[in-house]
$ cat entry.cif   # mmCIF, C-alpha atoms
data_structure
loop_
_atom_site.group_PDB
_atom_site.id
_atom_site.type_symbol
_atom_site.label_atom_id
_atom_site.label_comp_id
_atom_site.auth_asym_id
_atom_site.auth_seq_id
_atom_site.Cartn_x
_atom_site.Cartn_y
_atom_site.Cartn_z
ATOM 1 C CA MET T 1 -57.437 55.375 -34.805
ATOM 2 C CA ASP T 2 -61.215 55.760 -34.889
ATOM 3 C CA SER T 3 -63.393 55.041 -31.878
ATOM 4 C CA ALA T 4 -64.866 51.855 -33.365
ATOM 5 C CA LYS T 5 -61.393 50.360 -33.780
ATOM 6 C CA VAL T 6 -60.426 51.323 -30.232
ATOM 7 C CA ILE T 7 -63.538 49.575 -28.905
ATOM 8 C CA GLU T 8 -62.815 46.487 -31.010
ATOM 9 C CA LEU T 9 -59.210 46.208 -29.799
ATOM 10 C CA ARG T 10 -60.168 46.710 -26.148
ATOM 11 C CA GLU T 11 -62.777 43.992 -26.535
ATOM 12 C CA LYS T 12 -60.245 41.624 -28.101
ATOM 13 C CA ALA T 13 -57.831 42.270 -25.224
ATOM 14 C CA TRP T 14 -60.617 41.385 -22.784
ATOM 15 C CA GLU T 15 -61.402 38.219 -24.746
ATOM 16 C CA ILE T 16 -57.732 37.208 -24.702
ATOM 17 C CA ARG T 17 -57.642 37.514 -20.892
ATOM 18 C CA TYR T 18 -60.956 35.759 -20.320
ATOM 19 C CA THR T 19 -60.162 32.951 -22.754
ATOM 20 C CA GLY T 20 -56.684 32.538 -21.278
ATOM 21 C CA LEU T 21 -58.097 32.215 -17.780
ATOM 22 C CA LYS T 22 -60.490 29.506 -18.973
ATOM 23 C CA MET T 23 -57.542 27.654 -20.497
ATOM 24 C CA VAL T 24 -55.631 27.734 -17.211
ATOM 25 C CA GLN T 25 -58.726 26.653 -15.277
ATOM 26 C CA LYS T 26 -59.212 23.597 -17.488
ATOM 27 C CA ALA T 27 -55.516 22.676 -17.554
ATOM 28 C CA ARG T 28 -54.907 23.581 -13.895
ATOM 29 C CA SER T 29 -51.625 25.014 -15.127
ATOM 30 C CA GLY T 30 -50.266 28.050 -16.976
ATOM 31 C CA HIS T 31 -48.598 31.436 -16.610
ATOM 32 C CA ILE T 32 -51.269 34.057 -15.986
ATOM 33 C CA GLY T 33 -49.380 37.127 -14.743
ATOM 34 C CA GLY T 34 -47.149 37.827 -17.720
ATOM 35 C CA ALA T 35 -49.892 36.885 -20.175
ATOM 36 C CA PHE T 36 -52.418 39.317 -18.726
ATOM 37 C CA SER T 37 -49.847 42.120 -18.973
ATOM 38 C CA LEU T 38 -49.584 41.356 -22.712
ATOM 39 C CA SER T 39 -53.252 41.278 -23.684
ATOM 40 C CA GLU T 40 -53.563 44.734 -25.247
ATOM 41 C CA ILE T 41 -50.272 44.270 -27.078
ATOM 42 C CA MET T 42 -51.440 40.980 -28.577
ATOM 43 C CA SER T 43 -54.781 42.528 -29.495
ATOM 44 C CA VAL T 44 -53.183 45.390 -31.436
ATOM 45 C CA LEU T 45 -50.672 43.134 -33.186
ATOM 46 C CA TYR T 46 -53.069 40.420 -34.303
ATOM 47 C CA PHE T 47 -56.180 42.489 -34.951
ATOM 48 C CA ASP T 48 -54.707 45.688 -36.370
ATOM 49 C CA LYS T 49 -51.016 45.862 -37.231
ATOM 50 C CA MET T 50 -49.646 42.523 -38.387
ATOM 51 C CA ASN T 51 -49.826 41.627 -42.076
ATOM 52 C CA ILE T 52 -50.751 37.945 -41.869
ATOM 53 C CA ARG T 53 -52.933 35.355 -43.596
ATOM 54 C CA THR T 54 -54.681 32.833 -41.369
ATOM 55 C CA GLU T 55 -55.352 30.599 -44.373
ATOM 56 C CA ASP T 56 -51.628 30.595 -45.203
ATOM 57 C CA PRO T 57 -49.641 30.766 -41.927
ATOM 58 C CA LEU T 58 -46.313 30.269 -43.740
ATOM 59 C CA TRP T 59 -46.867 32.970 -46.371
ATOM 60 C CA GLU T 60 -43.369 34.202 -47.162
ATOM 61 C CA ASP T 61 -44.202 37.909 -46.994
ATOM 62 C CA ARG T 62 -46.081 37.770 -43.699
ATOM 63 C CA ASP T 63 -45.040 39.778 -40.680
ATOM 64 C CA ARG T 64 -43.332 37.577 -38.088
ATOM 65 C CA LEU T 65 -43.880 37.484 -34.324
ATOM 66 C CA VAL T 66 -41.462 35.864 -31.907
ATOM 67 C CA LEU T 67 -42.743 35.584 -28.339
ATOM 68 C CA SER T 68 -39.326 35.524 -26.719
ATOM 69 C CA LYS T 69 -40.919 35.346 -23.257
ATOM 70 C CA GLY T 70 -42.189 32.011 -24.426
ATOM 71 C CA HIS T 71 -44.085 31.019 -21.298
ATOM 72 C CA ALA T 72 -46.819 33.614 -22.033
ATOM 73 C CA THR T 73 -48.828 31.277 -24.253
ATOM 74 C CA VAL T 74 -51.899 32.065 -22.131
ATOM 75 C CA ALA T 75 -51.958 35.287 -24.208
ATOM 76 C CA LEU T 76 -50.600 33.869 -27.477
ATOM 77 C CA TYR T 77 -52.936 30.904 -27.981
ATOM 78 C CA PRO T 78 -56.162 32.863 -27.392
ATOM 79 C CA ALA T 79 -54.970 35.554 -29.829
ATOM 80 C CA LEU T 80 -54.194 32.942 -32.495
ATOM 81 C CA ALA T 81 -57.522 31.161 -31.986
ATOM 82 C CA LEU T 82 -59.573 34.363 -31.967
ATOM 83 C CA ARG T 83 -57.761 35.534 -35.114
ATOM 84 C CA GLY T 84 -58.650 32.258 -36.850
ATOM 85 C CA PHE T 85 -55.396 30.300 -37.061
ATOM 86 C CA PHE T 86 -57.016 27.254 -35.443
ATOM 87 C CA PRO T 87 -60.428 26.325 -33.977
ATOM 88 C CA PRO T 88 -61.055 27.732 -30.480
ATOM 89 C CA GLU T 89 -61.993 24.231 -29.286
ATOM 90 C CA LEU T 90 -58.320 23.286 -29.453
ATOM 91 C CA LEU T 91 -57.677 25.616 -26.521
ATOM 92 C CA ASN T 92 -59.227 22.894 -24.343
ATOM 93 C CA THR T 93 -56.115 20.790 -25.039
ATOM 94 C CA PHE T 94 -53.746 23.343 -23.486
ATOM 95 C CA ARG T 95 -50.912 21.575 -21.640
ATOM 96 C CA LYS T 96 -52.463 18.155 -22.216
ATOM 97 C CA ALA T 97 -50.001 15.312 -22.804
ATOM 98 C CA ASP T 98 -51.806 14.230 -25.979
ATOM 99 C CA GLY T 99 -52.291 17.783 -27.297
ATOM 100 C CA LYS T 100 -50.151 20.227 -29.264
ATOM 101 C CA LEU T 101 -50.663 23.405 -27.212
ATOM 102 C CA SER T 102 -47.780 23.010 -24.807
ATOM 103 C CA GLY T 103 -46.871 25.522 -22.133
ATOM 104 C CA HIS T 104 -44.240 27.006 -24.443
ATOM 105 C CA ALA T 105 -45.274 27.379 -28.083
ATOM 106 C CA GLU T 106 -43.850 25.012 -30.675
ATOM 107 C CA MET T 107 -43.755 26.110 -34.299
ATOM 108 C CA ARG T 108 -43.951 22.530 -35.588
ATOM 109 C CA TYR T 109 -47.424 22.030 -34.176
ATOM 110 C CA VAL T 110 -49.249 25.351 -33.835
ATOM 111 C CA PRO T 111 -50.290 27.376 -36.915
ATOM 112 C CA GLY T 112 -49.258 31.003 -36.569
ATOM 113 C CA VAL T 113 -46.283 30.364 -34.294
ATOM 114 C CA ASP T 114 -43.172 31.599 -36.088
ATOM 115 C CA MET T 115 -40.574 30.367 -33.576
ATOM 116 C CA SER T 116 -40.477 27.855 -30.743
ATOM 117 C CA THR T 117 -39.395 29.658 -27.580
ATOM 118 C CA GLY T 118 -39.024 29.026 -23.895
ATOM 119 C CA SER T 119 -35.370 29.386 -22.977
ATOM 120 C CA LEU T 120 -35.380 33.043 -22.028
ATOM 121 C CA GLY T 121 -33.117 35.364 -23.988
ATOM 122 C CA GLN T 122 -32.969 33.240 -27.128
ATOM 123 C CA GLY T 123 -36.110 34.302 -28.958
ATOM 124 C CA LEU T 124 -34.864 37.794 -29.699
ATOM 125 C CA SER T 125 -31.822 36.385 -31.507
ATOM 126 C CA ALA T 126 -34.148 34.371 -33.742
ATOM 127 C CA ALA T 127 -36.180 37.489 -34.457
ATOM 128 C CA VAL T 128 -33.024 39.401 -35.364
ATOM 129 C CA GLY T 129 -32.156 36.596 -37.790
ATOM 130 C CA MET T 130 -35.589 36.861 -39.392
ATOM 131 C CA ALA T 131 -35.221 40.636 -39.752
ATOM 132 C CA LEU T 132 -31.754 40.206 -41.251
ATOM 133 C CA ALA T 133 -33.083 37.614 -43.704
ATOM 134 C CA GLY T 134 -35.844 39.977 -44.767
ATOM 135 C CA LYS T 135 -33.408 42.809 -45.361
ATOM 136 C CA SER T 136 -30.929 40.580 -47.195
ATOM 137 C CA THR T 137 -33.591 39.268 -49.586
ATOM 138 C CA GLY T 138 -35.330 42.600 -50.149
ATOM 139 C CA ARG T 139 -38.589 41.622 -48.484
ATOM 140 C CA ASP T 140 -40.730 44.248 -46.786
ATOM 141 C CA TYR T 141 -42.146 42.281 -43.845
ATOM 142 C CA TYR T 142 -41.736 43.378 -40.232
ATOM 143 C CA THR T 143 -40.470 41.147 -37.450
ATOM 144 C CA TYR T 144 -41.904 41.736 -33.999
ATOM 145 C CA ALA T 145 -40.274 40.340 -30.865
ATOM 146 C CA ILE T 146 -41.870 40.439 -27.427
ATOM 147 C CA VAL T 147 -39.445 40.273 -24.515
ATOM 148 C CA GLY T 148 -39.975 40.447 -20.769
ATOM 149 C CA ASP T 149 -38.233 42.816 -18.394
ATOM 150 C CA GLY T 150 -36.971 39.892 -16.340
ATOM 151 C CA GLU T 151 -35.784 38.254 -19.526
ATOM 152 C CA ILE T 152 -33.598 41.206 -20.489
ATOM 153 C CA GLN T 153 -31.309 40.328 -17.593
ATOM 154 C CA GLU T 154 -29.982 37.706 -20.032
ATOM 155 C CA GLY T 155 -26.790 38.746 -21.809
ATOM 156 C CA GLN T 156 -27.909 37.289 -25.132
ATOM 157 C CA ILE T 157 -30.618 39.963 -25.329
ATOM 158 C CA TRP T 158 -28.005 42.708 -25.427
ATOM 159 C CA GLU T 159 -25.847 40.914 -27.990
ATOM 160 C CA ALA T 160 -28.891 40.632 -30.248
ATOM 161 C CA LEU T 161 -29.785 44.295 -29.804
ATOM 162 C CA MET T 162 -26.218 45.384 -30.519
ATOM 163 C CA PHE T 163 -26.137 43.300 -33.703
ATOM 164 C CA SER T 164 -29.527 44.593 -34.874
ATOM 165 C CA ALA T 165 -28.322 48.194 -34.543
ATOM 166 C CA ALA T 166 -25.033 47.446 -36.297
ATOM 167 C CA ARG T 167 -26.989 46.040 -39.257
ATOM 168 C CA ASP T 168 -29.602 48.864 -39.297
ATOM 169 C CA LEU T 169 -32.506 46.414 -39.057
ATOM 170 C CA ASP T 170 -35.296 48.972 -39.198
ATOM 171 C CA HIS T 171 -37.924 46.285 -39.886
ATOM 172 C CA LEU T 172 -37.334 44.837 -36.411
ATOM 173 C CA ILE T 173 -39.757 46.072 -33.744
ATOM 174 C CA VAL T 174 -39.042 44.822 -30.226
ATOM 175 C CA ILE T 175 -41.772 45.267 -27.629
ATOM 176 C CA LEU T 176 -40.689 45.122 -23.990
ATOM 177 C CA ASP T 177 -43.426 43.932 -21.646
ATOM 178 C CA CYS T 178 -42.247 46.080 -18.766
ATOM 179 C CA ASN T 179 -44.436 44.816 -15.926
ATOM 180 C CA LYS T 180 -41.567 45.164 -13.429
ATOM 181 C CA VAL T 181 -42.196 41.781 -11.784
ATOM 182 C CA GLN T 182 -40.584 38.426 -12.504
ATOM 183 C CA LEU T 183 -40.724 34.876 -11.166
ATOM 184 C CA ASP T 184 -39.713 35.468 -7.553
ATOM 185 C CA GLY T 185 -39.712 39.199 -6.964
ATOM 186 C CA THR T 186 -39.627 42.584 -8.589
ATOM 187 C CA VAL T 187 -37.094 43.226 -11.316
ATOM 188 C CA ARG T 188 -35.488 45.840 -9.098
ATOM 189 C CA GLU T 189 -35.065 43.308 -6.280
ATOM 190 C CA VAL T 190 -33.742 40.486 -8.444
ATOM 191 C CA LEU T 191 -31.437 42.428 -10.778
ATOM 192 C CA ASP T 192 -32.136 46.097 -11.304
ATOM 193 C CA THR T 193 -31.825 46.899 -15.009
ATOM 194 C CA GLY T 194 -31.673 50.647 -14.374
ATOM 195 C CA ASP T 195 -32.503 53.323 -16.928
ATOM 196 C CA LEU T 196 -33.703 51.164 -19.791
ATOM 197 C CA LYS T 197 -34.491 53.990 -22.165
ATOM 198 C CA ALA T 198 -30.945 55.320 -21.876
ATOM 199 C CA LYS T 199 -29.482 51.817 -22.294
ATOM 200 C CA PHE T 200 -31.483 51.039 -25.418
ATOM 201 C CA GLN T 201 -30.614 54.388 -26.949
ATOM 202 C CA ALA T 202 -26.933 53.804 -26.160
ATOM 203 C CA PHE T 203 -27.164 50.484 -28.007
ATOM 204 C CA GLY T 204 -28.370 52.360 -31.088
ATOM 205 C CA LEU T 205 -32.090 51.605 -31.004
ATOM 206 C CA HIS T 206 -34.931 53.966 -31.826
ATOM 207 C CA THR T 207 -36.629 53.925 -28.437
ATOM 208 C CA LEU T 208 -40.238 54.713 -27.491
ATOM 209 C CA GLU T 209 -42.008 54.469 -24.144
ATOM 210 C CA ILE T 210 -45.765 54.014 -23.772
ATOM 211 C CA ASP T 211 -48.665 52.817 -21.639
ATOM 212 C CA GLY T 212 -48.784 49.148 -22.595
ATOM 213 C CA HIS T 213 -52.466 48.868 -21.696
ATOM 214 C CA SER T 214 -53.545 51.650 -24.057
ATOM 215 C CA VAL T 215 -54.413 50.214 -27.461
ATOM 216 C CA GLU T 216 -54.103 53.716 -28.883
ATOM 217 C CA ASP T 217 -50.556 54.161 -27.514
ATOM 218 C CA ILE T 218 -49.484 50.739 -28.782
ATOM 219 C CA ALA T 219 -50.835 51.343 -32.272
ATOM 220 C CA ASP T 220 -49.339 54.844 -32.472
ATOM 221 C CA ALA T 221 -45.926 53.581 -31.331
ATOM 222 C CA ILE T 222 -45.890 50.869 -33.994
ATOM 223 C CA ASP T 223 -46.823 53.426 -36.639
ATOM 224 C CA GLU T 224 -44.063 55.739 -35.422
ATOM 225 C CA ALA T 225 -41.543 52.911 -35.519
ATOM 226 C CA LYS T 226 -42.467 52.027 -39.092
ATOM 227 C CA ALA T 227 -42.054 55.654 -40.150
ATOM 228 C CA TYR T 228 -38.554 55.918 -38.621
ATOM 229 C CA LYS T 229 -35.880 54.565 -40.947
ATOM 230 C CA GLY T 230 -32.333 53.345 -40.346
ATOM 231 C CA LYS T 231 -32.536 51.852 -36.851
ATOM 232 C CA PRO T 232 -34.196 48.898 -35.143
ATOM 233 C CA HIS T 233 -36.938 49.886 -32.721
ATOM 234 C CA ILE T 234 -37.842 49.047 -29.166
ATOM 235 C CA ILE T 235 -41.115 49.990 -27.517
ATOM 236 C CA ILE T 236 -40.973 50.057 -23.726
ATOM 237 C CA ALA T 237 -44.551 49.128 -22.848
ATOM 238 C CA ASN T 238 -45.239 49.894 -19.195
ATOM 239 C CA THR T 239 -47.674 47.249 -18.011
ATOM 240 C CA ILE T 240 -49.051 45.601 -14.877
ATOM 241 C CA LYS T 241 -48.441 41.926 -14.218
ATOM 242 C CA GLY T 242 -51.775 40.155 -13.771
ATOM 243 C CA LYS T 243 -53.671 43.136 -15.229
ATOM 244 C CA GLY T 244 -57.436 42.813 -14.915
ATOM 245 C CA VAL T 245 -57.632 40.834 -11.666
ATOM 246 C CA SER T 246 -56.952 42.969 -8.615
ATOM 247 C CA PHE T 247 -55.513 40.255 -6.362
ATOM 248 C CA MET T 248 -53.064 39.237 -9.088
ATOM 249 C CA GLU T 249 -51.887 42.674 -10.160
ATOM 250 C CA GLY T 250 -48.230 43.361 -9.440
ATOM 251 C CA LYS T 251 -47.762 40.097 -7.496
ATOM 252 C CA CYS T 252 -44.874 37.790 -8.379
ATOM 253 C CA LYS T 253 -46.668 34.718 -7.021
ATOM 254 C CA TRP T 254 -49.047 34.883 -9.978
ATOM 255 C CA HIS T 255 -46.198 34.432 -12.441
ATOM 256 C CA GLY T 256 -47.087 30.778 -12.794
ATOM 257 C CA LYS T 257 -49.361 29.875 -9.874
ATOM 258 C CA THR T 258 -52.707 28.192 -10.571
ATOM 259 C CA PRO T 259 -55.689 29.749 -8.746
ATOM 260 C CA ASN T 260 -57.877 27.572 -6.567
ATOM 261 C CA ASP T 261 -61.616 27.261 -7.281
ATOM 262 C CA GLU T 262 -62.561 30.279 -5.168
ATOM 263 C CA GLU T 263 -59.855 32.401 -6.787
ATOM 264 C CA PHE T 264 -60.976 31.376 -10.270
ATOM 265 C CA THR T 265 -64.526 32.439 -9.415
ATOM 266 C CA LEU T 266 -63.328 35.803 -8.143
ATOM 267 C CA ALA T 267 -61.059 36.319 -11.146
ATOM 268 C CA PHE T 268 -63.804 35.625 -13.683
ATOM 269 C CA LYS T 269 -66.172 37.911 -11.753
ATOM 270 C CA GLU T 270 -63.653 40.757 -11.789
ATOM 271 C CA LEU T 271 -62.938 40.379 -15.473
ATOM 272 C CA GLU T 272 -66.654 40.496 -16.214
ATOM 273 C CA GLU T 273 -67.147 43.577 -14.030
ATOM 274 C CA ARG T 274 -64.173 45.384 -15.566
ATOM 275 C CA ARG T 275 -65.146 44.689 -19.169
ATOM 276 C CA GLU T 276 -64.985 48.049 -20.929
ATOM 277 C CA VAL T 277 -67.519 47.399 -23.680
#
$ encode --input "entry.cif" --output "structure tokens"
Amino acid sequence: MDSAKVIELREKAWEIRYTGLKMVQKARSGHIGGAFSLSEIMSVLYFDKMNIRTEDPLWEDRDRLVLSKGHATVALYPALALRGFFPPELLNTFRKADGKLSGHAEMRYVPGVDMSTGSLGQGLSAAVGMALAGKSTGRDYYTYAIVGDGEIQEGQIWEALMFSAARDLDHLIVILDCNKVQLDGTVREVLDTGDLKAKFQAFGLHTLEIDGHSVEDIADAIDEAKAYKGKPHIIIANTIKGKGVSFMEGKCKWHGKTPNDEEFTLAFKELEERREV
């Protein structure tokens, strides 16, 4: 990846965070922590790797994305708006009763959303179905699924992974947002999932592990997954919950808490100071 592309993707990740924080400030509601850990991943997917058409969101040969950790719309909606799926002004309707941008994305209402999600553990199964459909009909699109490391405590996740390996779904790329913190504690405290790399490999997945805040690492891992044939892929992206705002980083209370006015001011100030471009 050339330096200009790296700069562009880092800038888009910053924009996703900043725009997401503005959404939460206006709505006085939203999940910040697990969205901020996703920002670089969303940047690389929407502005480099995914084969999509904003003018035709339902194009049959598009790449699909299922945000299985469906509460992280504070990262998804800014990415979709910045990419051009809908006007950025609609972000002002986030979580409004008379708007369409609900806290968990709904495919009926939001262009670019390929699956409604929210009940943790279920989105990955939908993504596996999409990948199976693509293989069965001879289409060449890729299906991406983003799961959380708290979410993978759900048994349905492992059933879906086992099935994907049994069917050799090598156009399925799962990205694990491994920020190690969930709703009310660390993953280790709540339910330690152990050696994830070994588990995923034992389930028959081509497994990669990266720095989930490095746009270069994310892009390289996706390229490596696409070049590896015969197995579904999972990218363990090591991230930091609340990345970009020091008082939020690694803290479970910022899973879904709304900052007060002083905290919003501090958060915006930090994001501006830590802008890389």
$ resolve_selection --input "entry.cif" --expression "the PyMOL selection byres ((chain T and resi 86-100) around 12)" --output "number ranges by chain"
T: 15-16, 19-31, 54-57, 71, 73-85, 101-113
$ atom_distance --input "entry.cif" --atom1 "atom CA of T:Val174" --atom2 "atom CA of T:Glu209"
11.8 Å
$ closest_residue --input "entry.cif" --among "T:Leu124, T:Met115, T:Ala219, T:Leu67" --to "T:Phe47" --atoms "only C-alpha atoms"
T:Ala219
$ residues_near_point --input "entry.cif" --point "(-40.9, 45.6, -9.3)" --cutoff "12 Å" --atoms "only C-alpha atoms" --output "PyMOL selection string"
chain T and resi 149-150+178-194+238-241+249-252
$ resolve_selection --input "entry.cif" --expression "the PyMOL selection byres ((chain T and resi 225-236) around 6)" --output "ChimeraX atom specification"
/T:165,168-170,172-176,205-209,222-224,237
$ closest_residue --input "entry.cif" --among "T:Val215, T:Ser119, T:Ala221, T:Met1" --to "T:Trp14" --atoms "all atoms listed in the file"
T:Val215
$ resolve_selection --input "entry.cif" --expression "the PyMOL selection byres ((chain T and resi 42) around 8)" --output "count of residues only"
12
$ atom_distance --input "entry.cif" --atom1 "atom CA of T:Val147" --atom2 "atom CA of T:Lys69"
5.3 Å
$ atom_distance --input "entry.cif" --atom1 "atom CA of T:Ala126" --atom2 "atom CA of T:Gly242"
27.3 Å
$ closest_residue --input "entry.cif" --among "T:Leu161, T:Ala166, T:Ile52, T:Ile218" --to "T:Lys199" --atoms "all atoms listed in the file"
T:Leu161
$ closest_residue --input "entry.cif" --among "T:Gly204, T:Gly256, T:Gly244, T:Gly118" --to "T:Lys269" --atoms "all atoms listed in the file"
T:Gly244
$ axis_aligned_box --input "entry.cif" --around "stretch 149-167 of chain T" --padding-each-side "8 Å" --output "JSON"
{"center_x": -31.6, "center_y": 42.7, "center_z": -27.8, "size_x": 29.2, "size_y": 26.9, "size_z": 38.9}
$ closest_residue --input "entry.cif" --among "T:Ala72, T:Met162, T:Ile146, T:Ile157" --to "T:Gly34" --atoms "all atoms listed in the file"
T:Ala72
$ closest_residue --input "entry.cif" --among "T:Glu276, T:Glu60, T:Glu263, T:Asp48" --to "T:Asp220" --atoms "only C-alpha atoms"
T:Asp48
